[in-house]
Number of protein chains: 2
Amino acid sequence: MRPFADRLTEAAARRSPAVVGIDPHLALLPAAHRERVALGRAQAGEAVRDWCRIVLDAVDDLVPAIKPQVAFFEQLGAPGWAALEDVCAEARRRGLLVIADAKRGDIGSTAEAYAMALLDDSGPIGADALTASPWLGRDSLAPLVKTCDTQGKGLFVLVRTSNPGGGELQAGDGAARVAGWVREWNATRRGESGYGPVGAVVGATVPDEARELRAVLAGAIVLVPGYGAQGGSARDAAACFDPGRRGAVVNSARGVTFPAEGDRAAYDADPASVIRRQALAFVRDLAVNIP
Amino acid sequence: MRPFADRLTEAAARRSPAVVGIDPHLALLPAAHRERVALGRAQAGEAVRDWCRIVLDAVDDLVPAIKPQVAFFEQLGAPGWAALEDVCAEARRRGLLVIADAKRGDIGSTAEAYAMALLDDSGPIGADALTASPWLGRDSLAPLVKTCDTQGKGLFVLVRTSNPGGGELQAGDGAARVAGWVREWNATRRGESGYGPVGAVVGATVPDEARELRAVLAGAIVLVPGYGAQGGSARDAAACFDPGRRGAVVNSARGVTFPAEGDRAAYDADPASVIRRQALAFVRDLAVNIP
């Protein structure tokens, strides 16, 4: 498989640096789906799967990638994992890249098991890229980097997250050190696009830190959360980009896939139309405000 | 439900501070189980479930708790999650405490979804306690602490892990800061046992740091990995205990549940006997070497 960073860079240039986050909050699903959720975990898994298909139908010609949030599937147990398998396989069939947002981080053979669970083509999900936590050190990420090397996959390491407490361990030394690791991993791994397989998560809510980190993260694609619902604007996210709208992608989940206040009735009646309208607005916002 | 820390402290005093880690490395299973693994993920899930039952049969009267490593189940997708559900439910039926080793860490509503996935009694697993990563800050752990408060559950926050790179972000300031959070959370939450719901993971491979952290972690139960296969001895693990063999539990996975070199044939023929012998040796080692 061609390297993930080259595939993502090309697809983002062709379409948009917009990534649609798929976070099936059960309480926010369309009314008909919520009714099925109430029947038990097996039915809830099927309802989530069907809702994910609606999202794919609405965005699959607009964006380069989707980012399913694994937690929301996992809360349904085995039926949730079956729904996750379905949406990932279906997205890849439609030519979308899949970034599994799982924030895993563990050691040795356990890290290898997570690589198999989420990233490896012979595992159940086989995502194109995975988010990962660096708290356990470089050796904990090495098995994931290895899967990137052998199968053309990608990683997004949590460098500086968008939440209020994100800075407690990350701000300053922590984020700088992890950004240095990311830079080193990519140094010998850059592809045609100029980017390597090890990306970084840097929140749109901390644009000043993001500008500094972007400079350290040469050769790394930045995945930017915190747009929209969390308060980050497209202009804030711009701090994570290299010139020419390259080197970063911006995620929006709730703002695309669930209705704004006042749109609940329209969403319950026709979720696909609301999702498509919001996805178009997201793509347009990035086109206008990322230089 | 009575608070987790009180339940664990009582059970450890009655039996042993020994926790059996359940890490189904597919390549290490008994020969008959490996044959079934080769048939596909559905059969592999059933083989893992059956192997877990053998482990439970061999240890359920010896130890207070098991610690399933979620990654090894997750690598099988939905059938793996079904096996995880089975072993957790069966362990709890037999009066064992279940510590789900998932090292999750995410923000806001995603952290709530992980709490539902692994800890909440109305979710698929309903473990008694969960391991969690602090890299995203205190607000990322708050939803998990809330589930501890409302349902008598426990948390083990990764303070200082046992792997070679564990110190890169943790040693010094990082671990000290997280240990301070743990202490604060427990300050207003200590139960009859003197311990609160928020425990800490501190590796047996770093006994000098462990002694310092133990002092900061007043009121926290320490979960000690790194015993056995990773090179930590029972005497090393002793640094994590309070006087009277209290305030810590020691995990052993591979050293109990898989055969030592030379025992493979015996294990393939009768895994239960090998596991029981190794579990007894583990419990005895802690009884002799933890003061």
# chains A, B, ... in the order shown; residues from 1 in each chain; ligands from 1
>>> closest_atom_pairs(of="chain A", to="chain B", cutoff="7 Å", atoms="only C-alpha atoms", output="CSV")
residue,atom,partner,partner_atom,distance
A:Ala71,CA,B:Tyr114,CA,5.4
A:Phe72,CA,B:Ala113,CA,5.6
A:Glu74,CA,B:Ala117,CA,5.5
A:Gln75,CA,B:Ala117,CA,3.6
A:Leu76,CA,B:Pro124,CA,6.4
A:Gly77,CA,B:Pro124,CA,5.3
A:Ala78,CA,B:Ala78,CA,4.3
A:Pro79,CA,B:Ala78,CA,6.6
A:Trp81,CA,B:Ala78,CA,5.0
A:Ala82,CA,B:Ala78,CA,5.5
A:Lys103,CA,B:Gly105,CA,6.9
A:Arg104,CA,B:Arg104,CA,6.8
A:Gly105,CA,B:Lys103,CA,6.9
A:Ile107,CA,B:Asn163,CA,6.8
A:Thr110,CA,B:Ala71,CA,6.1
A:Ala113,CA,B:Ala71,CA,5.5
A:Tyr114,CA,B:Ala71,CA,5.3
A:Met116,CA,B:Gln75,CA,5.4
A:Ala117,CA,B:Gln75,CA,3.6
A:Gly123,CA,B:Gln75,CA,6.5
A:Pro124,CA,B:Gly77,CA,5.3
A:Trp135,CA,B:Trp135,CA,6.0
A:Leu136,CA,B:Gly166,CA,4.9
A:Gly137,CA,B:Gly165,CA,4.6
A:Arg138,CA,B:Gly165,CA,6.0
A:Asp139,CA,B:Gly165,CA,5.6
A:Thr161,CA,B:Leu136,CA,6.8
A:Asn163,CA,B:Ile107,CA,6.8
A:Gly165,CA,B:Gly137,CA,4.6
A:Gly166,CA,B:Leu136,CA,4.9
A:Glu168,CA,B:Gly137,CA,5.5
A:Leu169,CA,B:Trp135,CA,6.1
A:Gly174,CA,B:Leu169,CA,6.7
>>> write_last_selection(atoms="N, CA, C and O atoms", output="compact mmCIF listing (two decimals), in the first residue's frame")
# COMPACT_ATOMS: atom_id res chain seq x y z
N ALA A 71 -14.54 4.72 21.24
CA ALA A 71 -15.25 4.61 22.52
C ALA A 71 -16.75 4.46 22.34
O ALA A 71 -17.40 3.70 23.06
N PHE A 72 -17.30 5.22 21.38
CA PHE A 72 -18.76 5.22 21.22
C PHE A 72 -19.29 3.90 20.65
O PHE A 72 -20.46 3.58 20.79
N GLU A 74 -17.46 0.97 21.31
CA GLU A 74 -17.09 0.04 22.37
C GLU A 74 -18.11 0.00 23.50
O GLU A 74 -18.25 -1.02 24.19
N GLN A 75 -18.82 1.11 23.71
CA GLN A 75 -19.79 1.13 24.81
C GLN A 75 -20.93 0.14 24.58
O GLN A 75 -21.68 -0.16 25.50
N LEU A 76 -21.07 -0.36 23.35
CA LEU A 76 -22.09 -1.37 23.06
C LEU A 76 -21.52 -2.78 23.07
O LEU A 76 -22.23 -3.74 22.73
N GLY A 77 -20.25 -2.94 23.43
CA GLY A 77 -19.67 -4.28 23.47
C GLY A 77 -19.52 -4.87 22.08
O GLY A 77 -19.28 -4.15 21.10
N ALA A 78 -19.70 -6.20 21.99
CA ALA A 78 -19.48 -6.89 20.72
C ALA A 78 -20.32 -6.32 19.57
O ALA A 78 -19.81 -6.12 18.46
N PRO A 79 -21.62 -6.02 19.78
CA PRO A 79 -22.38 -5.45 18.66
C PRO A 79 -21.83 -4.08 18.22
O PRO A 79 -21.91 -3.73 17.04
N TRP A 81 -18.61 -3.27 18.31
CA TRP A 81 -17.43 -3.57 17.50
C TRP A 81 -17.82 -4.05 16.11
O TRP A 81 -17.15 -3.74 15.13
N ALA A 82 -18.91 -4.78 16.02
CA ALA A 82 -19.38 -5.21 14.69
C ALA A 82 -19.77 -3.99 13.86
O ALA A 82 -19.47 -3.93 12.66
N LYS A 103 -6.82 6.37 20.77
CA LYS A 103 -5.88 6.89 21.78
C LYS A 103 -5.26 5.76 22.61
O LYS A 103 -5.11 5.88 23.82
N ARG A 104 -4.88 4.69 21.93
CA ARG A 104 -4.28 3.57 22.64
C ARG A 104 -2.83 3.87 23.00
O ARG A 104 -2.17 4.67 22.33
N GLY A 105 -2.35 3.20 24.03
CA GLY A 105 -0.96 3.33 24.43
C GLY A 105 -0.65 2.26 25.44
O GLY A 105 -1.17 2.27 26.56
N ILE A 107 2.38 -1.35 26.24
CA ILE A 107 3.76 -1.74 26.02
C ILE A 107 3.88 -3.07 25.28
O ILE A 107 2.99 -3.91 25.32
N THR A 110 1.48 -6.02 24.11
CA THR A 110 0.14 -5.44 24.20
C THR A 110 -0.05 -4.38 23.13
O THR A 110 -1.12 -4.29 22.50
N ALA A 113 -0.80 -6.11 20.04
CA ALA A 113 -2.20 -6.55 19.98
C ALA A 113 -3.11 -5.40 19.57
O ALA A 113 -4.06 -5.59 18.80
N TYR A 114 -2.84 -4.18 20.07
CA TYR A 114 -3.64 -3.04 19.63
C TYR A 114 -3.41 -2.74 18.15
O TYR A 114 -4.35 -2.35 17.44
N MET A 116 -2.81 -4.94 15.91
CA MET A 116 -3.62 -5.95 15.23
C MET A 116 -5.11 -5.59 15.32
O MET A 116 -5.85 -5.73 14.35
N ALA A 117 -5.54 -5.11 16.47
CA ALA A 117 -6.96 -4.81 16.67
C ALA A 117 -7.45 -3.72 15.72
O ALA A 117 -8.56 -3.79 15.20
N GLY A 123 -6.25 -7.74 10.71
CA GLY A 123 -7.10 -7.64 11.90
C GLY A 123 -8.52 -7.25 11.52
O GLY A 123 -8.85 -7.10 10.35
N PRO A 124 -9.39 -7.05 12.53
CA PRO A 124 -10.81 -6.81 12.26
C PRO A 124 -11.11 -5.44 11.65
O PRO A 124 -12.09 -5.29 10.93
N TRP A 135 2.26 8.49 26.59
CA TRP A 135 2.59 8.56 28.02
C TRP A 135 3.55 7.44 28.44
O TRP A 135 4.32 7.59 29.38
N LEU A 136 3.51 6.29 27.77
CA LEU A 136 4.36 5.16 28.17
C LEU A 136 5.72 5.16 27.46
O LEU A 136 6.50 4.24 27.62
N GLY A 137 5.98 6.21 26.69
CA GLY A 137 7.32 6.34 26.11
C GLY A 137 7.45 5.76 24.72
O GLY A 137 6.53 5.15 24.18
N ARG A 138 8.63 6.00 24.13
CA ARG A 138 8.84 5.66 22.73
C ARG A 138 8.69 4.17 22.45
O ARG A 138 8.19 3.77 21.40
N ASP A 139 9.16 3.33 23.40
CA ASP A 139 9.08 1.89 23.12
C ASP A 139 7.63 1.41 23.00
O ASP A 139 7.34 0.42 22.33
N THR A 161 -3.45 18.20 23.28
CA THR A 161 -4.88 18.00 23.04
C THR A 161 -5.67 19.28 23.31
O THR A 161 -5.17 20.22 23.93
N ASN A 163 -8.54 19.80 25.01
CA ASN A 163 -9.41 19.94 26.19
C ASN A 163 -8.81 20.88 27.23
O ASN A 163 -7.61 21.14 27.22
N GLY A 165 -7.92 20.57 30.33
CA GLY A 165 -6.79 20.06 31.11
C GLY A 165 -5.64 19.54 30.26
O GLY A 165 -4.67 19.00 30.79
N GLY A 166 -5.74 19.72 28.95
CA GLY A 166 -4.73 19.17 28.06
C GLY A 166 -3.32 19.63 28.38
O GLY A 166 -2.35 18.89 28.22
N GLU A 168 -2.00 20.23 31.31
CA GLU A 168 -1.46 19.91 32.63
C GLU A 168 -0.18 19.09 32.56
O GLU A 168 0.78 19.34 33.28
N LEU A 169 -0.17 18.05 31.72
CA LEU A 169 1.07 17.29 31.54
C LEU A 169 1.76 17.62 30.23
O LEU A 169 2.95 17.34 30.06
N GLY A 174 6.54 18.60 27.98
CA GLY A 174 5.93 17.34 27.57
C GLY A 174 5.66 17.32 26.07
O GLY A 174 6.14 16.45 25.34
>>> calpha_fit_and_write(fixed="chain A", moving="chain B", output="CSV table (one decimal) with C-alpha atoms, in the first residue's frame")
chain,number,residue,atom,x,y,z
B,1,MET,CA,0.0,0.0,0.0
B,2,ARG,CA,1.3,3.5,-0.8
B,3,PRO,CA,2.3,5.4,2.4
B,4,PHE,CA,-0.6,6.9,4.4
B,5,ALA,CA,0.8,10.4,4.5
B,6,ASP,CA,1.1,10.5,0.7
B,7,ARG,CA,-2.5,9.1,0.3
B,8,LEU,CA,-3.9,11.6,2.8
B,9,THR,CA,-2.0,14.6,1.4
B,10,GLU,CA,-3.2,13.8,-2.2
B,11,ALA,CA,-6.8,13.3,-1.1
B,12,ALA,CA,-6.9,16.4,1.0
B,13,ALA,CA,-5.4,18.5,-1.9
B,14,ARG,CA,-8.0,17.1,-4.2
B,15,ARG,CA,-11.0,17.5,-1.9
B,16,SER,CA,-10.4,19.3,1.4
B,17,PRO,CA,-8.4,19.0,4.6
B,18,ALA,CA,-11.8,18.3,6.3
B,19,VAL,CA,-12.2,15.0,8.3
B,20,VAL,CA,-15.6,14.0,9.5
B,21,GLY,CA,-15.6,12.5,13.0
B,22,ILE,CA,-18.0,9.7,13.5
B,23,ASP,CA,-18.9,9.7,17.2
B,24,PRO,CA,-22.2,7.9,17.7
B,25,HIS,CA,-23.6,9.6,20.8
B,26,LEU,CA,-26.6,7.4,21.4
B,27,ALA,CA,-28.7,10.2,22.9
B,28,LEU,CA,-28.2,12.4,19.8
B,29,LEU,CA,-29.1,9.9,17.1
B,30,PRO,CA,-32.2,10.5,14.9
B,31,ALA,CA,-35.4,9.6,16.7
B,32,ALA,CA,-36.0,6.3,14.8
B,33,HIS,CA,-32.5,5.2,15.6
B,34,ARG,CA,-32.9,6.1,19.3
B,35,GLU,CA,-36.0,3.9,19.5
B,36,ARG,CA,-33.9,0.9,18.3
B,37,VAL,CA,-31.1,1.8,20.8
B,38,ALA,CA,-33.6,1.4,23.6
B,39,LEU,CA,-34.3,-2.2,22.7
B,40,GLY,CA,-30.9,-3.5,23.8
B,41,ARG,CA,-27.3,-3.6,22.8
B,42,ALA,CA,-27.7,-5.9,19.7
B,43,GLN,CA,-30.4,-3.6,18.2
B,44,ALA,CA,-28.3,-0.6,19.3
B,45,GLY,CA,-25.4,-1.9,17.3
B,46,GLU,CA,-27.5,-2.3,14.2
B,47,ALA,CA,-29.0,1.2,14.7
B,48,VAL,CA,-25.5,2.7,15.0
B,49,ARG,CA,-24.3,0.8,11.9
B,50,ASP,CA,-27.3,2.2,9.9
B,51,TRP,CA,-26.7,5.8,11.1
B,52,CYS,CA,-23.0,5.5,10.1
B,53,ARG,CA,-24.1,4.5,6.6
B,54,ILE,CA,-26.3,7.6,6.5
B,55,VAL,CA,-23.2,9.7,7.4
B,56,LEU,CA,-21.1,8.0,4.8
B,57,ASP,CA,-23.8,8.6,2.1
B,58,ALA,CA,-23.9,12.3,3.0
B,59,VAL,CA,-20.1,13.0,3.0
B,60,ASP,CA,-18.3,10.3,0.9
B,61,ASP,CA,-17.8,12.6,-2.1
B,62,LEU,CA,-16.8,15.6,0.0
B,63,VAL,CA,-14.0,14.7,2.3
B,64,PRO,CA,-10.8,12.6,2.2
B,65,ALA,CA,-11.2,10.8,5.5
B,66,ILE,CA,-13.5,9.8,8.4
B,67,LYS,CA,-12.4,9.5,12.0
B,68,PRO,CA,-14.6,7.0,14.0
B,69,GLN,CA,-14.3,7.5,17.8
B,70,VAL,CA,-13.9,3.9,19.0
B,71,ALA,CA,-15.3,4.6,22.5
B,72,PHE,CA,-18.8,5.2,21.2
B,73,PHE,CA,-18.8,1.8,19.5
B,74,GLU,CA,-17.1,0.0,22.4
B,75,GLN,CA,-19.8,1.1,24.8
B,76,LEU,CA,-22.1,-1.4,23.1
B,77,GLY,CA,-19.7,-4.3,23.5
B,78,ALA,CA,-19.5,-6.9,20.7
B,79,PRO,CA,-22.4,-5.4,18.7
B,80,GLY,CA,-20.7,-2.0,18.8
B,81,TRP,CA,-17.4,-3.6,17.5
B,82,ALA,CA,-19.4,-5.2,14.7
B,83,ALA,CA,-20.8,-1.8,13.8
B,84,LEU,CA,-17.2,-0.3,13.9
B,85,GLU,CA,-16.0,-3.1,11.6
B,86,ASP,CA,-18.8,-2.3,9.2
B,87,VAL,CA,-18.3,1.4,8.9
B,88,CYS,CA,-14.6,1.1,8.5
B,89,ALA,CA,-14.9,-1.5,5.8
B,90,GLU,CA,-17.6,0.4,4.0
B,91,ALA,CA,-15.7,3.7,4.2
B,92,ARG,CA,-12.6,2.0,2.7
B,93,ARG,CA,-14.7,0.5,-0.1
B,94,ARG,CA,-15.9,4.0,-0.9
B,95,GLY,CA,-12.3,5.2,-1.2
B,96,LEU,CA,-12.3,7.1,2.1
B,97,LEU,CA,-9.3,6.9,4.5
B,98,VAL,CA,-10.2,5.7,8.0
B,99,ILE,CA,-8.5,7.3,11.0
B,100,ALA,CA,-9.4,5.1,14.1
B,101,ASP,CA,-9.5,7.5,17.1
B,102,ALA,CA,-8.7,5.1,19.9
B,103,LYS,CA,-5.9,6.9,21.8
B,104,ARG,CA,-4.3,3.6,22.6
B,105,GLY,CA,-1.0,3.3,24.4
B,106,ASP,CA,0.5,0.2,26.0
B,107,ILE,CA,3.8,-1.7,26.0
B,108,GLY,CA,5.4,-4.5,24.0
B,109,SER,CA,3.2,-7.3,23.0
B,110,THR,CA,0.1,-5.4,24.2
B,111,ALA,CA,0.9,-2.6,21.8
B,112,GLU,CA,1.3,-5.3,19.1
B,113,ALA,CA,-2.2,-6.5,20.0
B,114,TYR,CA,-3.6,-3.0,19.6
B,115,ALA,CA,-1.9,-2.7,16.3
B,116,MET,CA,-3.6,-6.0,15.2
B,117,ALA,CA,-7.0,-4.8,16.7
B,118,LEU,CA,-7.2,-1.5,14.9
B,119,LEU,CA,-4.5,-1.0,12.2
B,120,ASP,CA,-3.3,-4.2,10.7
B,121,ASP,CA,-4.8,-5.4,7.5
B,122,SER,CA,-5.2,-8.9,8.8
B,123,GLY,CA,-7.1,-7.6,11.9
B,124,PRO,CA,-10.8,-6.8,12.3
B,125,ILE,CA,-10.6,-3.0,11.5
B,126,GLY,CA,-7.5,-2.4,9.4
B,127,ALA,CA,-7.8,1.4,9.7
B,128,ASP,CA,-5.5,3.6,7.6
B,129,ALA,CA,-4.3,5.4,10.7
B,130,LEU,CA,-4.6,5.3,14.5
B,131,THR,CA,-4.4,7.9,17.3
B,132,ALA,CA,-2.0,6.9,20.1
B,133,SER,CA,-1.0,8.2,23.5
B,134,PRO,CA,2.8,8.7,24.2
B,135,TRP,CA,2.6,8.6,28.0
B,136,LEU,CA,4.4,5.2,28.2
B,137,GLY,CA,7.3,6.3,26.1
B,138,ARG,CA,8.8,5.7,22.7
B,139,ASP,CA,9.1,1.9,23.1
B,140,SER,CA,5.3,1.8,23.6
B,141,LEU,CA,4.8,3.4,20.1
B,142,ALA,CA,7.4,1.4,18.3
B,143,PRO,CA,5.2,-1.6,17.4
B,144,LEU,CA,2.6,0.8,15.9
B,145,VAL,CA,5.3,2.6,13.9
B,146,LYS,CA,6.4,-0.8,12.7
B,147,THR,CA,2.9,-1.5,11.3
B,148,CYS,CA,3.1,1.9,9.6
B,149,ASP,CA,6.4,0.8,8.0
B,150,THR,CA,5.3,-2.6,6.8
B,151,GLN,CA,1.7,-1.8,5.7
B,152,GLY,CA,1.7,1.9,4.6
B,153,LYS,CA,-0.3,3.0,7.7
B,154,GLY,CA,-0.2,6.1,9.7
B,155,LEU,CA,-0.2,7.2,13.4
B,156,PHE,CA,-1.3,10.4,15.1
B,157,VAL,CA,0.4,10.8,18.4
B,158,LEU,CA,-1.3,13.0,21.1
B,159,VAL,CA,1.1,15.9,21.3
B,160,ARG,CA,-1.2,18.7,22.6
B,161,THR,CA,-4.9,18.0,23.0
B,162,SER,CA,-7.7,20.5,22.8
B,163,ASN,CA,-9.4,20.0,26.2
B,164,PRO,CA,-9.2,22.4,29.2
B,165,GLY,CA,-6.8,20.1,31.1
B,166,GLY,CA,-4.7,19.2,28.0
B,167,GLY,CA,-1.9,21.4,29.1
B,168,GLU,CA,-1.5,19.9,32.6
B,169,LEU,CA,1.1,17.3,31.5
B,170,GLN,CA,1.5,18.4,27.9
B,171,ALA,CA,2.2,22.1,27.8
B,172,GLY,CA,5.8,23.1,27.5
B,173,ASP,CA,8.3,20.2,28.0
B,174,GLY,CA,5.9,17.4,27.6
B,175,ALA,CA,4.5,18.3,24.2
B,176,ALA,CA,8.0,19.5,23.0
B,177,ARG,CA,9.6,16.2,23.8
B,178,VAL,CA,6.9,14.2,22.1
B,179,ALA,CA,7.0,16.5,19.1
B,180,GLY,CA,10.7,15.8,18.9
B,181,TRP,CA,10.1,12.0,18.8
B,182,VAL,CA,7.6,12.5,16.0
B,183,ARG,CA,10.1,14.6,14.0
B,184,GLU,CA,12.8,11.9,14.5
B,185,TRP,CA,10.5,9.0,13.5
B,186,ASN,CA,9.7,10.9,10.3
B,187,ALA,CA,13.2,12.0,9.5
B,188,THR,CA,14.0,8.8,7.7
B,189,ARG,CA,10.5,8.0,6.5
B,190,ARG,CA,9.3,11.0,4.4
B,191,GLY,CA,7.4,10.0,1.3
B,192,GLU,CA,6.7,11.8,-2.0
B,193,SER,CA,4.5,14.3,-0.2
B,194,GLY,CA,7.2,15.3,2.1
B,195,TYR,CA,5.4,13.9,5.1
B,196,GLY,CA,6.1,10.7,7.1
B,197,PRO,CA,3.8,8.2,8.7
B,198,VAL,CA,3.9,9.6,12.2
B,199,GLY,CA,1.4,12.5,12.6
B,200,ALA,CA,0.6,14.6,15.6
B,201,VAL,CA,-2.7,15.6,17.3
B,202,VAL,CA,-2.6,19.3,18.1
B,203,GLY,CA,-5.8,21.1,19.2
B,204,ALA,CA,-7.3,24.1,17.4
B,205,THR,CA,-8.0,25.6,20.9
B,206,VAL,CA,-4.3,26.4,21.5
B,207,PRO,CA,-3.2,28.3,18.3
B,208,ASP,CA,-0.1,29.9,19.9
B,209,GLU,CA,1.3,26.6,21.0
B,210,ALA,CA,0.3,25.1,17.7
B,211,ARG,CA,2.4,27.6,15.8
B,212,GLU,CA,5.5,26.6,17.8
B,213,LEU,CA,4.8,22.9,17.5
B,214,ARG,CA,4.2,23.1,13.8
B,215,ALA,CA,7.7,24.3,13.4
B,216,VAL,CA,9.1,21.4,15.4
B,217,LEU,CA,6.8,18.9,13.6
B,218,ALA,CA,8.5,19.2,10.2
B,219,GLY,CA,7.4,16.3,8.1
B,220,ALA,CA,4.4,15.4,10.2
B,221,ILE,CA,0.8,15.7,9.3
B,222,VAL,CA,-1.2,17.4,12.1
B,223,LEU,CA,-4.7,16.1,13.0
B,224,VAL,CA,-6.6,19.1,14.5
B,225,PRO,CA,-9.4,18.4,16.9
B,226,GLY,CA,-11.3,21.1,18.8
B,227,TYR,CA,-12.9,22.8,15.8
B,228,GLY,CA,-16.5,23.9,16.2
B,229,ALA,CA,-18.2,22.5,19.3
B,230,GLN,CA,-15.0,22.9,21.4
B,231,GLY,CA,-14.5,26.5,20.4
B,232,GLY,CA,-11.7,26.4,17.8
B,233,SER,CA,-12.2,28.3,14.5
B,234,ALA,CA,-10.9,27.5,11.1
B,235,ARG,CA,-8.5,30.5,11.6
B,236,ASP,CA,-7.2,28.9,14.8
B,237,ALA,CA,-6.8,25.6,13.0
B,238,ALA,CA,-4.7,27.4,10.3
B,239,ALA,CA,-1.8,27.6,12.8
B,240,CYS,CA,-1.4,23.8,12.4
B,241,PHE,CA,-0.9,24.0,8.6
B,242,ASP,CA,2.1,24.3,6.4
B,243,PRO,CA,1.9,26.9,3.6
B,244,GLY,CA,-0.4,25.9,0.7
B,245,ARG,CA,-3.0,24.3,3.0
B,246,ARG,CA,-0.7,21.3,3.4
B,247,GLY,CA,0.4,19.2,6.4
B,248,ALA,CA,-2.8,19.2,8.5
B,249,VAL,CA,-6.4,18.0,8.5
B,250,VAL,CA,-9.2,19.3,10.7
B,251,ASN,CA,-11.8,17.1,12.4
B,252,SER,CA,-15.4,18.0,13.0
B,253,ALA,CA,-17.7,15.4,14.5
B,254,ARG,CA,-20.7,16.8,16.3
B,255,GLY,CA,-20.9,19.9,14.2
B,256,VAL,CA,-21.3,17.8,11.0
B,257,THR,CA,-23.2,14.7,12.1
B,258,PHE,CA,-25.6,16.0,14.7
B,259,PRO,CA,-28.1,18.9,14.4
B,260,ALA,CA,-27.6,22.4,15.7
B,261,GLU,CA,-30.1,23.8,18.2
B,262,GLY,CA,-33.4,24.2,16.4
B,263,ASP,CA,-32.7,21.6,13.7
B,264,ARG,CA,-33.7,18.6,15.7
B,265,ALA,CA,-37.0,18.1,14.0
B,266,ALA,CA,-35.5,18.4,10.5
B,267,TYR,CA,-32.7,16.0,11.5
B,268,ASP,CA,-35.2,13.4,12.9
B,269,ALA,CA,-37.1,13.6,9.6
B,270,ASP,CA,-34.2,13.6,7.2
B,271,PRO,CA,-30.8,13.3,8.9
B,272,ALA,CA,-28.9,12.9,5.6
B,273,SER,CA,-29.9,16.4,4.3
B,274,VAL,CA,-28.9,18.1,7.6
B,275,ILE,CA,-25.5,16.2,7.6
B,276,ARG,CA,-24.8,17.1,4.0
B,277,ARG,CA,-25.6,20.8,4.5
B,278,GLN,CA,-23.3,20.9,7.6
B,279,ALA,CA,-20.5,19.0,5.9
B,280,LEU,CA,-20.7,21.4,2.9
B,281,ALA,CA,-20.5,24.4,5.4
B,282,PHE,CA,-17.5,22.8,7.1
B,283,VAL,CA,-15.6,22.2,3.9
B,284,ARG,CA,-16.4,25.8,2.7
B,285,ASP,CA,-15.2,27.3,6.0
B,286,LEU,CA,-11.9,25.6,5.7
B,287,ALA,CA,-11.6,26.6,2.0
B,288,VAL,CA,-12.2,30.2,2.9
B,289,ASN,CA,-10.2,30.5,6.1
B,290,ILE,CA,-7.1,28.2,5.7
B,291,PRO,CA,-4.7,30.3,3.6
>>> select_by_dssp(residues="range 25-266 of chain B", states="alpha helix (DSSP H)", output="ChimeraX atom specification")
/B:31-37,41-59,70-74,78-93,108-118,138-151,167-170,173-187,207-216,234-237,254-257,264-266
>>> select_by_dssp(residues="range 202-287 of chain A", states="strand (DSSP E)", output="ChimeraX atom specification")
/A:202,222-224,248-252
>>> write_last_selection(atoms="C-alpha atoms", output="CSV table (one decimal), in the first residue's frame")
chain,number,residue,atom,x,y,z
A,202,VAL,CA,-2.6,19.4,18.1
A,222,VAL,CA,-1.2,17.4,12.1
A,223,LEU,CA,-4.7,16.1,13.0
A,224,VAL,CA,-6.6,19.1,14.5
A,248,ALA,CA,-2.8,19.2,8.5
A,249,VAL,CA,-6.4,18.0,8.5
A,250,VAL,CA,-9.2,19.3,10.7
A,251,ASN,CA,-11.8,17.1,12.4
A,252,SER,CA,-15.4,18.0,13.0
